[in-house]
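A.B. asks: What follows is a single structure, and I will ask about it in a moment.
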Protein chains: 2
Amino acid sequence: MKKLINKPEDVVKEELEGLALAYPDIVKVHFEPNFVYRADAPVKGQVAIVSGGGSGHEPMHGGLVGVGMLSAACPGQVFTSPTPDQMLEATKMVDGGAGVLHIVKNYTGDVMNFEMAADMARDEGIKVASILIDDDAAVKDSLWTAGRRGVGATVLAEKICGAAAEKGYSLEKVADLCRKVNINSRSMGMALTSCTTPMAGKPTFDLPEDEMEVGVGIHGEPGRKRMKLQTADEITEMLALGVIDDPAYTRIVREWDEGQGEWVEIELVDPPFKAGDQVLAFVNNMGGTAAIELPIIYRKLHEICEKKGLKIVRNLIGAYITSLDMQGCSITLLKMDDELLELWDAPVKTIGLRWGM
Amino acid sequence: MKKLINKPEDVVKEELEGLALAYPDIVKVHFEPNFVYRADAPVKGQVAIVSGGGSGHEPMHGGLVGVGMLSAACPGQVFTSPTPDQMLEATKMVDGGAGVLHIVKNYTGDVMNFEMAADMARDEGIKVASILIDDDAAVKDSLWTAGRRGVGATVLAEKICGAAAEKGYSLEKVADLCRKVNINSRSMGMALTSCTTPMAGKPTFDLPEDEMEVGVGIHGEPGRKRMKLQTADEITEMLALGVIDDPAYTRIVREWDEGQGEWVEIELVDPPFKAGDQVLAFVNNMGGTAAIELPIIYRKLHEICEKKGLKIVRNLIGAYITSLDMQGCSITLLKMDDELLELWDAPVKTIGLRWGM
């Protein structure tokens, strides 16, 4: 294993120490339990937003904490869910009295632990809403997930909800917005190479020199198919059509019902994309891909969207939700409207995403 | 070779097409000859700044074009110098009447071609100054270079000179500033793995599974020594001390003397760092390193700087001058003063570096 690390078991702790030293104007770091939070938290009277998950996907989530985006992020060990006490302490630290939204990627451990943390926070008098992100159109019921996995849309939801919180939206409205981002977005990824976790010290999965994994998950979970290498244009077409041609997707999710005071099951339907839609196009680097390759993917995606009648009105191209050193990419499309555009364009100052400030 | 590309010979063209589609508010792209330039160029009355070099180091240089940074960038094929006609046409396109600064990394091909382009531009009545960047403290007289190589300081010089141009500094003053950034900065890099160029299709150099190259160049040029893998802390110490303990460095460089109307040789001395200095610390990802690893490097760098009496007053951590998919990092330190701080903090809007706008 070749990595710029000291002991594998110290990777997350030392990464957090580095963030704390490098960015004191943006974030503070709390240790034991570990979480990264806005340097100016809590912001009185403003909805706070907490996310988290296994480490190894940087800059998500710790690098997405700051004004106009997340209030706090709870990093687990690499590819391992954070614990309820991390989420609870982060929630308490950033609550400004207007309630806290948990943005939860759909992995069984994350879902379970965030639900427990939300219950504990409510016991302490904090209003908490939880919204699930499950935008990965590649597969259903994968390793570590019942239903679809939460991937690229998480970054978009965190930006948009963060802007809404900054504008003073209520907890209910920020949660509605998060649900709206989730049902209007879809993603699909692929891997040219496996990633290697520090603790395992060897590739998570085997991928022969002439093959790739299409529909891969961000922890190297199996995708739709293993196949021979193809060109960037062919790969882009597979991912883009997997997203654009995905039919309506219906499932039952659990959300907290503040009125009834209990978790309820609700049916959510993701409407399919249709000609005439305006979209945000997100081309994500899985981590180890050379930066020169991403615009080549974007170029083809732009052509495909045009052919399908989708108008790209915003884009995001870069490494935002990574899988350590995995080579590959993912594509996320989010249907946009005026509200989402205004919130997307609002100023943001985080380690990984920054403009207008 | 595993890459998200179509034909190897189309990589640069298709990357530029992608940039043009993705970022029309920031850059325009000119084809044949190829260069990327500010969407609002030429800016009348303002000094323009042109850089360039082989592709494969993205976001440098095309991703560093925009308000507050470069006016234009000339990308050669991967790891191949751009041609004089690219540089000439870019220079003509962005000249706003106040002259053009060429920022040239010290590689023999780049130096020769930029000198030729500057002479041709002067023949057409454009005032051109050229400043060489040669900040790599690792080795002298490497593959493709006489003297020290130009590496990380290039990014810092482009940001600082871009801000100065935006503030209306004269060509002479912007050139002085660029020279000041160069002599007050030093860098050193290392590789855990080789990069693979699209045309070669195989690793540029062989690096056994348990070895690393310390002092590597950004094209995989040999460094100071090949050695067994070490920890992040040990690697950081080697790079940081290579930079901090580097003695005064004296050499002769060629610059255009506007008064004499000819190229003259001048002696430049890089003063060493000393306790009490304020520095900008730049930890650069060579391309393929997982993002979680960089703060671990920064953490140790911070400790070493403190011990040496250097105060880190600004930092830049991320992939800014890459070597395709190479795993590894480099460290650059730049001695700061009030003028450099003000220019560093000034707003910038490029593809790769953005704040305040």
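All residue names refer to the structure tokens as shown: chains lettered A, B, ... in order, residues numbered from 1 in each chain, ligands numbered from 1 in order.
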Do a neighbour search on Met227 of chain A at 10 Å with only C-alpha atoms, toss out local chain neighbours closer than 3 positions, and write the hits as a VMD selection string.
C.D. replies: chain A and resid 207 to 208 210 to 214 224 230
A.B. asks: Could you please tell me, as a CSV table (one decimal) with N, CA, C and O atoms, in the first residue's frame, which residues of chain A have an atom within 7 Å of chain B when using only C-alpha atoms?
C.D. replies:
```csv
chain,number,residue,atom,x,y,z
A,2,LYS,N,0.6,2.2,-0.9
A,2,LYS,CA,1.3,3.4,-1.0
A,2,LYS,C,0.4,4.6,-0.6
A,2,LYS,O,-0.5,4.9,-1.4
A,4,LEU,N,0.2,8.5,1.8
A,4,LEU,CA,0.8,9.5,2.6
A,4,LEU,C,0.2,9.5,4.0
A,4,LEU,O,-0.6,10.4,4.3
A,5,ILE,N,0.4,8.5,4.8
A,5,ILE,CA,-0.2,8.4,6.1
A,5,ILE,C,0.9,7.9,7.1
A,5,ILE,O,2.0,7.5,6.7
A,6,ASN,N,0.5,8.0,8.4
A,6,ASN,CA,1.4,7.4,9.4
A,6,ASN,C,0.7,6.0,9.7
A,6,ASN,O,0.7,5.2,8.9
A,14,GLU,N,-5.7,12.3,12.4
A,14,GLU,CA,-4.6,13.2,11.9
A,14,GLU,C,-5.1,14.1,10.8
A,14,GLU,O,-4.7,15.3,10.7
A,15,GLU,N,-6.0,13.6,10.0
A,15,GLU,CA,-6.7,14.4,9.0
A,15,GLU,C,-7.4,15.6,9.7
A,15,GLU,O,-7.3,16.7,9.2
A,17,GLU,N,-6.9,16.8,12.6
A,17,GLU,CA,-6.0,17.8,13.2
A,17,GLU,C,-5.4,18.7,12.1
A,17,GLU,O,-5.3,19.9,12.4
A,18,GLY,N,-5.2,18.2,11.0
A,18,GLY,CA,-4.7,19.0,9.9
A,18,GLY,C,-5.7,20.1,9.5
A,18,GLY,O,-5.4,21.2,9.3
A,19,LEU,N,-7.0,19.6,9.4
A,19,LEU,CA,-8.1,20.6,9.0
A,19,LEU,C,-8.2,21.7,10.0
A,19,LEU,O,-8.3,22.9,9.7
A,21,LEU,N,-5.9,22.9,12.0
A,21,LEU,CA,-4.7,23.8,11.9
A,21,LEU,C,-4.8,24.7,10.6
A,21,LEU,O,-4.4,25.8,10.6
A,22,ALA,N,-5.4,24.1,9.5
A,22,ALA,CA,-5.3,24.8,8.2
A,22,ALA,C,-6.4,25.8,8.1
A,22,ALA,O,-6.3,26.8,7.4
A,56,GLY,N,-13.1,9.0,3.8
A,56,GLY,CA,-12.6,8.5,2.6
A,56,GLY,C,-13.3,9.1,1.4
A,56,GLY,O,-13.0,8.7,0.2
A,58,GLU,N,-13.6,12.6,1.0
A,58,GLU,CA,-13.3,14.0,1.1
A,58,GLU,C,-13.3,14.7,-0.3
A,58,GLU,O,-12.9,14.0,-1.3
A,59,PRO,N,-13.7,15.9,-0.4
A,59,PRO,CA,-14.0,16.8,0.7
A,59,PRO,C,-15.3,16.5,1.5
A,59,PRO,O,-15.5,17.1,2.6
A,192,LEU,N,-12.5,2.7,-12.8
A,192,LEU,CA,-11.4,2.1,-13.6
A,192,LEU,C,-10.5,1.3,-12.8
A,192,LEU,O,-9.9,0.3,-13.2
A,231,THR,N,-14.2,3.8,-24.3
A,231,THR,CA,-13.7,5.2,-24.4
A,231,THR,C,-14.5,6.1,-23.5
A,231,THR,O,-15.6,5.7,-23.0
A,232,ALA,N,-13.9,7.3,-23.3
A,232,ALA,CA,-14.6,8.3,-22.4
A,232,ALA,C,-16.0,8.6,-23.0
A,232,ALA,O,-17.0,8.7,-22.2
A,233,ASP,N,-16.1,8.7,-24.3
A,233,ASP,CA,-17.5,9.0,-24.8
A,233,ASP,C,-18.5,7.8,-24.6
A,233,ASP,O,-19.6,8.1,-24.2
A,287,GLY,N,-11.6,10.4,-7.3
A,287,GLY,CA,-10.4,10.6,-6.4
A,287,GLY,C,-9.1,10.6,-7.2
A,287,GLY,O,-8.3,11.5,-7.1
A,288,GLY,N,-8.8,9.5,-7.9
A,288,GLY,CA,-7.5,9.3,-8.5
A,288,GLY,C,-7.4,9.6,-9.9
A,288,GLY,O,-6.3,9.4,-10.5
A,289,THR,N,-8.5,10.1,-10.5
A,289,THR,CA,-8.5,10.4,-11.9
A,289,THR,C,-7.8,11.7,-12.2
A,289,THR,O,-7.9,12.7,-11.5
A,290,ALA,N,-6.9,11.8,-13.3
A,290,ALA,CA,-6.2,13.0,-13.6
A,290,ALA,C,-7.3,14.1,-14.0
A,290,ALA,O,-8.3,13.8,-14.7
A,291,ALA,N,-7.0,15.3,-13.5
A,291,ALA,CA,-7.9,16.4,-13.7
A,291,ALA,C,-8.2,16.7,-15.2
A,291,ALA,O,-9.3,17.2,-15.6
A,292,ILE,N,-7.3,16.4,-16.1
A,292,ILE,CA,-7.4,16.7,-17.5
A,292,ILE,C,-8.6,15.8,-18.1
A,292,ILE,O,-9.1,16.2,-19.1
A,293,GLU,N,-9.0,14.7,-17.4
A,293,GLU,CA,-10.0,13.8,-18.0
A,293,GLU,C,-11.4,14.3,-17.8
A,293,GLU,O,-12.3,13.9,-18.6
A,295,PRO,N,-13.0,17.3,-18.0
A,295,PRO,CA,-13.7,18.1,-19.1
A,295,PRO,C,-14.0,17.2,-20.3
A,295,PRO,O,-14.9,17.6,-21.1
A,296,ILE,N,-13.3,16.1,-20.5
A,296,ILE,CA,-13.6,15.3,-21.7
A,296,ILE,C,-14.9,14.6,-21.4
A,296,ILE,O,-15.7,14.4,-22.4
A,298,TYR,N,-17.3,15.8,-19.5
A,298,TYR,CA,-18.3,16.9,-19.5
A,298,TYR,C,-18.7,17.2,-20.9
A,298,TYR,O,-19.9,17.5,-21.2
A,299,ARG,N,-17.7,17.3,-21.8
A,299,ARG,CA,-18.0,17.6,-23.2
A,299,ARG,C,-19.0,16.7,-23.8
A,299,ARG,O,-19.9,17.1,-24.5
A,315,ASN,N,-23.1,23.8,-13.6
A,315,ASN,CA,-22.3,22.6,-13.5
A,315,ASN,C,-21.4,22.6,-12.4
A,315,ASN,O,-21.1,23.7,-11.8
A,324,LEU,N,-11.5,7.6,-1.9
A,324,LEU,CA,-10.1,7.5,-1.7
A,324,LEU,C,-9.4,7.7,-3.0
A,324,LEU,O,-9.6,8.8,-3.6
A,325,ASP,N,-8.6,6.8,-3.4
A,325,ASP,CA,-7.7,6.9,-4.6
A,325,ASP,C,-8.3,6.3,-5.8
A,325,ASP,O,-7.6,6.1,-6.8
A,354,ARG,N,-16.3,26.9,-2.7
A,354,ARG,CA,-16.3,28.3,-2.2
A,354,ARG,C,-16.5,29.3,-3.4
A,354,ARG,O,-15.9,29.2,-4.4
A,355,TRP,N,-17.5,30.2,-3.2
A,355,TRP,CA,-17.6,31.3,-4.1
A,355,TRP,C,-18.3,32.5,-3.4
A,355,TRP,O,-19.0,32.3,-2.4
A,356,GLY,N,-18.2,33.6,-3.9
A,356,GLY,CA,-18.9,34.8,-3.4
A,356,GLY,C,-18.5,35.3,-2.1
A,356,GLY,O,-19.0,36.3,-1.5
A,357,MET,N,-17.5,34.7,-1.5
A,357,MET,CA,-17.0,35.1,-0.2
A,357,MET,C,-15.5,35.0,-0.1
A,357,MET,O,-14.9,34.1,-0.8
```
A.B. asks: Per DSSP on the backbone, what are the alpha helix (DSSP H) residues of segment 17-182 of chain B, as a ChimeraX atom specification?
C.D. replies: /B:17-22,84-94,108-123,153-166,171-182
A.B. asks: Quick one: residues within 10 Å of segment 267-270 of chain B, only C-alpha atoms counted, chain neighbours fewer than 6 positions away excluded, as an MDAnalysis selection string?
C.D. replies: chainID B and resid 135 179:186 246:254
A.B. asks: Now that the selection is made, can you save its residues with N, CA, C and O atoms as a tab-separated table (two decimals), in the first residue's frame?
C.D. replies:
```
chain	number	residue	atom	x	y	z
B	135	ASP	N	11.73	27.38	-8.81
B	135	ASP	CA	11.64	27.28	-7.35
B	135	ASP	C	11.94	25.88	-6.80
B	135	ASP	O	11.96	25.69	-5.59
B	179	ARG	N	9.19	38.31	-9.95
B	179	ARG	CA	10.56	37.95	-9.57
B	179	ARG	C	10.67	37.79	-8.07
B	179	ARG	O	11.32	36.87	-7.56
B	180	LYS	N	9.98	38.68	-7.36
B	180	LYS	CA	10.00	38.63	-5.88
B	180	LYS	C	9.37	37.33	-5.37
B	180	LYS	O	9.90	36.69	-4.45
B	181	VAL	N	8.26	36.93	-5.96
B	181	VAL	CA	7.63	35.66	-5.56
B	181	VAL	C	8.59	34.51	-5.85
B	181	VAL	O	8.78	33.62	-5.02
B	182	ASN	N	9.22	34.55	-7.00
B	182	ASN	CA	10.11	33.44	-7.36
B	182	ASN	C	11.30	33.32	-6.42
B	182	ASN	O	11.61	32.22	-5.95
B	183	ILE	N	11.95	34.43	-6.13
B	183	ILE	CA	13.17	34.29	-5.30
B	183	ILE	C	12.83	34.01	-3.85
B	183	ILE	O	13.66	33.48	-3.12
B	184	ASN	N	11.61	34.32	-3.44
B	184	ASN	CA	11.23	34.08	-2.04
B	184	ASN	C	10.47	32.78	-1.83
B	184	ASN	O	9.87	32.59	-0.78
B	185	SER	N	10.46	31.92	-2.82
B	185	SER	CA	9.74	30.65	-2.66
B	185	SER	C	10.63	29.48	-3.05
B	185	SER	O	11.55	29.62	-3.86
B	186	ARG	N	10.35	28.36	-2.46
B	186	ARG	CA	11.06	27.11	-2.79
B	186	ARG	C	10.10	25.96	-2.65
B	186	ARG	O	9.18	25.99	-1.83
B	246	ASP	N	17.35	25.07	2.64
B	246	ASP	CA	18.06	25.33	1.39
B	246	ASP	C	18.83	26.65	1.52
B	246	ASP	O	18.23	27.68	1.83
B	247	PRO	N	20.14	26.64	1.28
B	247	PRO	CA	20.90	27.89	1.44
B	247	PRO	C	20.59	28.88	0.32
B	247	PRO	O	19.84	28.57	-0.60
B	248	ALA	N	21.18	30.06	0.39
B	248	ALA	CA	21.02	31.06	-0.67
B	248	ALA	C	21.35	30.40	-2.01
B	248	ALA	O	22.29	29.60	-2.11
B	249	TYR	N	20.56	30.71	-3.02
B	249	TYR	CA	20.74	30.08	-4.32
B	249	TYR	C	20.98	31.19	-5.35
B	249	TYR	O	20.17	32.09	-5.53
B	250	THR	N	22.12	31.14	-6.00
B	250	THR	CA	22.51	32.19	-6.94
B	250	THR	C	22.59	31.63	-8.36
B	250	THR	O	23.14	30.55	-8.56
B	251	ARG	N	22.03	32.34	-9.29
B	251	ARG	CA	22.15	31.92	-10.70
B	251	ARG	C	21.93	33.12	-11.62
B	251	ARG	O	21.47	34.17	-11.22
B	252	ILE	N	22.28	32.90	-12.87
B	252	ILE	CA	22.12	33.92	-13.90
B	252	ILE	C	20.87	33.58	-14.71
B	252	ILE	O	20.71	32.45	-15.17
B	253	VAL	N	19.96	34.54	-14.87
B	253	VAL	CA	18.79	34.30	-15.72
B	253	VAL	C	18.73	35.37	-16.81
B	253	VAL	O	19.32	36.45	-16.66
B	254	ARG	N	18.05	35.05	-17.89
B	254	ARG	CA	17.89	36.02	-18.98
B	254	ARG	C	16.55	36.74	-18.84
B	254	ARG	O	15.51	36.10	-18.67
```
A.B. asks: Measure the distance from atom CA of Thr197 of chain A to atom CA of Pro222 of chain A in Å and round it to one decimal.
C.D. replies: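 Those two atoms sit 16.3 Å apart.
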A.B. asks: Rounded to one decimal place, report the atom CA of Lys127 of chain A-atom CA of His61 of chain A distance in Å.
C.D. replies: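 Here the two named atoms are 22.0 Å from each other.
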A.B. asks: Neighbours of Ser170 of chain B within 10 Å (only C-alpha atoms; same-chain residues fewer than 4 positions away dropped), as an MDAnalysis selection string?
C.D. replies: chainID B and resid 45:47 98:100 164:165 174:176
A.B. asks: Atom CA of Ala153 of chain B and atom CA of Ser51 of chain B, how far apart in Å?
C.D. replies: 12.9 Å
A.B. asks: Using only C-alpha atoms, which protein or nucleic acid residues come within 9 Å of Ile160 of chain A? Drop anything in the same chain fewer than 5 positions from it, and give the result as a ChimeraX atom specification.
C.D. replies: /A:68-69,155,165,174,177-178,181,340-346
A.B. asks: If you run DSSP on this backbone, which residues of segment 91-193 of chain A come out as strand (DSSP E), and could you give them as a ChimeraX atom specification?
C.D. replies: /A:100-105,128-133,185-191
A.B. asks: Once you have the residues from the selection above, write them out as a short mmCIF file (atom, residue, chain, number, x, y, z; two decimals), in the first residue's frame, restricted to all heavy atoms.
C.D. replies:
```cif
data_model
loop_
_atom_site.label_atom_id
_atom_site.label_comp_id
_atom_site.auth_asym_id
_atom_site.auth_seq_id
_atom_site.Cartn_x
_atom_site.Cartn_y
_atom_site.Cartn_z
N VAL A 100 -32.59 21.43 13.62
CA VAL A 100 -31.44 20.86 12.91
C VAL A 100 -31.92 19.85 11.87
O VAL A 100 -32.76 18.99 12.16
CB VAL A 100 -30.48 20.16 13.90
CG1 VAL A 100 -29.28 19.57 13.17
CG2 VAL A 100 -30.03 21.12 15.00
N LEU A 101 -31.40 19.98 10.66
CA LEU A 101 -31.69 19.00 9.61
C LEU A 101 -30.54 18.01 9.51
O LEU A 101 -29.38 18.41 9.38
CB LEU A 101 -31.88 19.70 8.26
CG LEU A 101 -32.00 18.75 7.05
CD1 LEU A 101 -33.29 17.93 7.13
CD2 LEU A 101 -31.93 19.52 5.74
N HIS A 102 -30.87 16.72 9.59
CA HIS A 102 -29.88 15.69 9.32
C HIS A 102 -30.00 15.26 7.86
O HIS A 102 -31.08 14.83 7.43
CB HIS A 102 -30.12 14.46 10.21
CG HIS A 102 -29.75 14.68 11.64
ND1 HIS A 102 -29.97 13.73 12.63
CD2 HIS A 102 -29.15 15.74 12.26
CE1 HIS A 102 -29.52 14.20 13.78
NE2 HIS A 102 -29.04 15.41 13.59
N ILE A 103 -28.93 15.39 7.11
CA ILE A 103 -28.91 14.90 5.72
C ILE A 103 -28.18 13.57 5.75
O ILE A 103 -26.99 13.50 6.08
CB ILE A 103 -28.24 15.90 4.77
CG1 ILE A 103 -29.02 17.22 4.76
CG2 ILE A 103 -28.14 15.32 3.36
CD1 ILE A 103 -28.47 18.29 3.80
N VAL A 104 -28.90 12.50 5.41
CA VAL A 104 -28.41 11.14 5.63
C VAL A 104 -28.30 10.38 4.32
O VAL A 104 -29.30 10.20 3.61
CB VAL A 104 -29.37 10.38 6.58
CG1 VAL A 104 -28.80 9.01 6.92
CG2 VAL A 104 -29.66 11.19 7.83
N LYS A 105 -27.11 9.94 3.99
CA LYS A 105 -26.95 9.10 2.79
C LYS A 105 -27.50 7.72 3.09
O LYS A 105 -27.32 7.18 4.19
CB LYS A 105 -25.46 8.99 2.41
CG LYS A 105 -24.83 10.34 2.05
CD LYS A 105 -23.53 10.20 1.29
CE LYS A 105 -22.47 9.39 2.01
NZ LYS A 105 -22.08 9.92 3.33
N VAL A 128 -35.49 18.10 15.33
CA VAL A 128 -34.63 17.51 14.30
C VAL A 128 -35.48 16.94 13.17
O VAL A 128 -36.45 16.22 13.42
CB VAL A 128 -33.76 16.36 14.89
CG1 VAL A 128 -32.91 15.73 13.78
CG2 VAL A 128 -32.88 16.87 16.01
N ALA A 129 -35.14 17.26 11.96
CA ALA A 129 -35.74 16.62 10.78
C ALA A 129 -34.64 15.80 10.10
O ALA A 129 -33.46 16.15 10.19
CB ALA A 129 -36.29 17.67 9.82
N SER A 130 -35.04 14.69 9.46
CA SER A 130 -34.05 13.84 8.79
C SER A 130 -34.50 13.58 7.37
O SER A 130 -35.63 13.16 7.16
CB SER A 130 -33.94 12.48 9.50
OG SER A 130 -33.53 12.65 10.83
N ILE A 131 -33.62 13.81 6.43
CA ILE A 131 -33.96 13.51 5.04
C ILE A 131 -32.91 12.58 4.47
O ILE A 131 -31.71 12.77 4.64
CB ILE A 131 -34.05 14.79 4.19
CG1 ILE A 131 -35.15 15.72 4.71
CG2 ILE A 131 -34.29 14.45 2.71
CD1 ILE A 131 -36.57 15.24 4.53
N LEU A 132 -33.41 11.55 3.81
CA LEU A 132 -32.57 10.52 3.22
C LEU A 132 -32.18 10.92 1.80
O LEU A 132 -33.01 11.40 1.04
CB LEU A 132 -33.40 9.23 3.15
CG LEU A 132 -32.64 7.92 3.03
CD1 LEU A 132 -31.96 7.60 4.35
CD2 LEU A 132 -33.61 6.80 2.66
N ILE A 133 -30.93 10.67 1.44
CA ILE A 133 -30.49 10.87 0.06
C ILE A 133 -30.26 9.49 -0.56
O ILE A 133 -29.48 8.69 -0.03
CB ILE A 133 -29.19 11.69 -0.01
CG1 ILE A 133 -29.34 13.04 0.72
CG2 ILE A 133 -28.77 11.89 -1.47
CD1 ILE A 133 -30.26 14.03 0.06
N SER A 185 -32.99 14.36 -8.48
CA SER A 185 -31.61 14.10 -8.92
C SER A 185 -31.36 12.61 -9.02
O SER A 185 -31.99 11.80 -8.34
CB SER A 185 -30.63 14.74 -7.95
OG SER A 185 -30.80 14.20 -6.68
N ARG A 186 -30.44 12.26 -9.87
CA ARG A 186 -30.02 10.87 -10.04
C ARG A 186 -28.55 10.86 -10.41
O ARG A 186 -28.05 11.78 -11.07
CB ARG A 186 -30.79 10.21 -11.17
CG ARG A 186 -32.20 9.80 -10.81
CD ARG A 186 -32.82 9.16 -12.02
NE ARG A 186 -34.15 8.64 -11.78
CZ ARG A 186 -35.25 9.36 -11.70
NH1 ARG A 186 -35.18 10.68 -11.82
NH2 ARG A 186 -36.43 8.78 -11.52
N SER A 187 -27.90 9.77 -10.04
CA SER A 187 -26.46 9.64 -10.27
C SER A 187 -26.11 8.26 -10.78
O SER A 187 -26.87 7.30 -10.60
CB SER A 187 -25.70 9.84 -8.95
OG SER A 187 -25.95 11.11 -8.41
N MET A 188 -24.94 8.18 -11.37
CA MET A 188 -24.35 6.87 -11.69
C MET A 188 -22.85 7.03 -11.82
O MET A 188 -22.36 7.99 -12.41
CB MET A 188 -24.97 6.30 -12.96
CG MET A 188 -24.79 4.81 -13.06
SD MET A 188 -26.02 4.11 -14.20
CE MET A 188 -25.00 2.90 -15.01
N GLY A 189 -22.13 6.07 -11.26
CA GLY A 189 -20.67 6.15 -11.25
C GLY A 189 -20.02 4.96 -11.90
O GLY A 189 -20.69 3.98 -12.27
N MET A 190 -18.72 5.05 -12.08
CA MET A 190 -17.95 3.92 -12.64
C MET A 190 -16.52 3.98 -12.11
O MET A 190 -16.03 5.04 -11.72
CB MET A 190 -17.95 3.97 -14.17
CG MET A 190 -17.35 5.17 -14.82
SD MET A 190 -15.56 5.19 -14.92
CE MET A 190 -15.26 3.69 -15.83
N ALA A 191 -15.89 2.82 -12.09
CA ALA A 191 -14.51 2.74 -11.60
C ALA A 191 -13.61 2.10 -12.65
O ALA A 191 -13.96 1.08 -13.25
CB ALA A 191 -14.47 1.92 -10.32
#
```
A.B. asks: Which is closer to Val139 of chain B than all the others in B:Lys92, B:Lys159, B:Lys311, B:Lys225, using only C-alpha atoms?
C.D. replies: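 Of B:Lys92, B:Lys159, B:Lys311, B:Lys225, the one nearest Val139 of chain B, counting only C-alpha atoms, is B:Lys225.
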A.B. asks: Hey, what's within 9 Å of Ala275 of chain B if we count only C-alpha atoms and toss same-chain stuff fewer than 6 positions away? As a ChimeraX atom specification, please?
C.D. replies: /B:308-311
A.B. asks: Generate a file of the selected residues that holds N, CA and C atoms, formatted as a PDB file, in the first residue's frame.
C.D. replies:
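Saved as out_10.pdb:
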```pdb
ATOM      1  N   LYS B 308      10.804  25.780  13.398  1.00  0.00           N
ATOM      2  CA  LYS B 308      11.821  26.551  12.688  1.00  0.00           C
ATOM      3  C   LYS B 308      11.597  28.061  12.815  1.00  0.00           C
ATOM      4  N   GLY B 309      10.521  28.428  13.518  1.00  0.00           N
ATOM      5  CA  GLY B 309      10.252  29.852  13.703  1.00  0.00           C
ATOM      6  C   GLY B 309       9.570  30.514  12.521  1.00  0.00           C
ATOM      7  N   LEU B 310       9.037  29.684  11.610  1.00  0.00           N
ATOM      8  CA  LEU B 310       8.297  30.245  10.470  1.00  0.00           C
ATOM      9  C   LEU B 310       6.814  30.273  10.819  1.00  0.00           C
ATOM     10  N   LYS B 311       6.177  31.405  10.591  1.00  0.00           N
ATOM     11  CA  LYS B 311       4.757  31.518  10.901  1.00  0.00           C
ATOM     12  C   LYS B 311       3.949  31.380   9.614  1.00  0.00           C
TER      13      LYS B 311
END
```
A.B. asks: Restricting the calculation to only C-alpha atoms: of A:Val36, A:Met93, A:Val43, A:Leu333, which residue gets closest to Ala72 of chain A?
C.D. replies: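 Answer, going by the shortest atom-to-atom distance: A:Val36.
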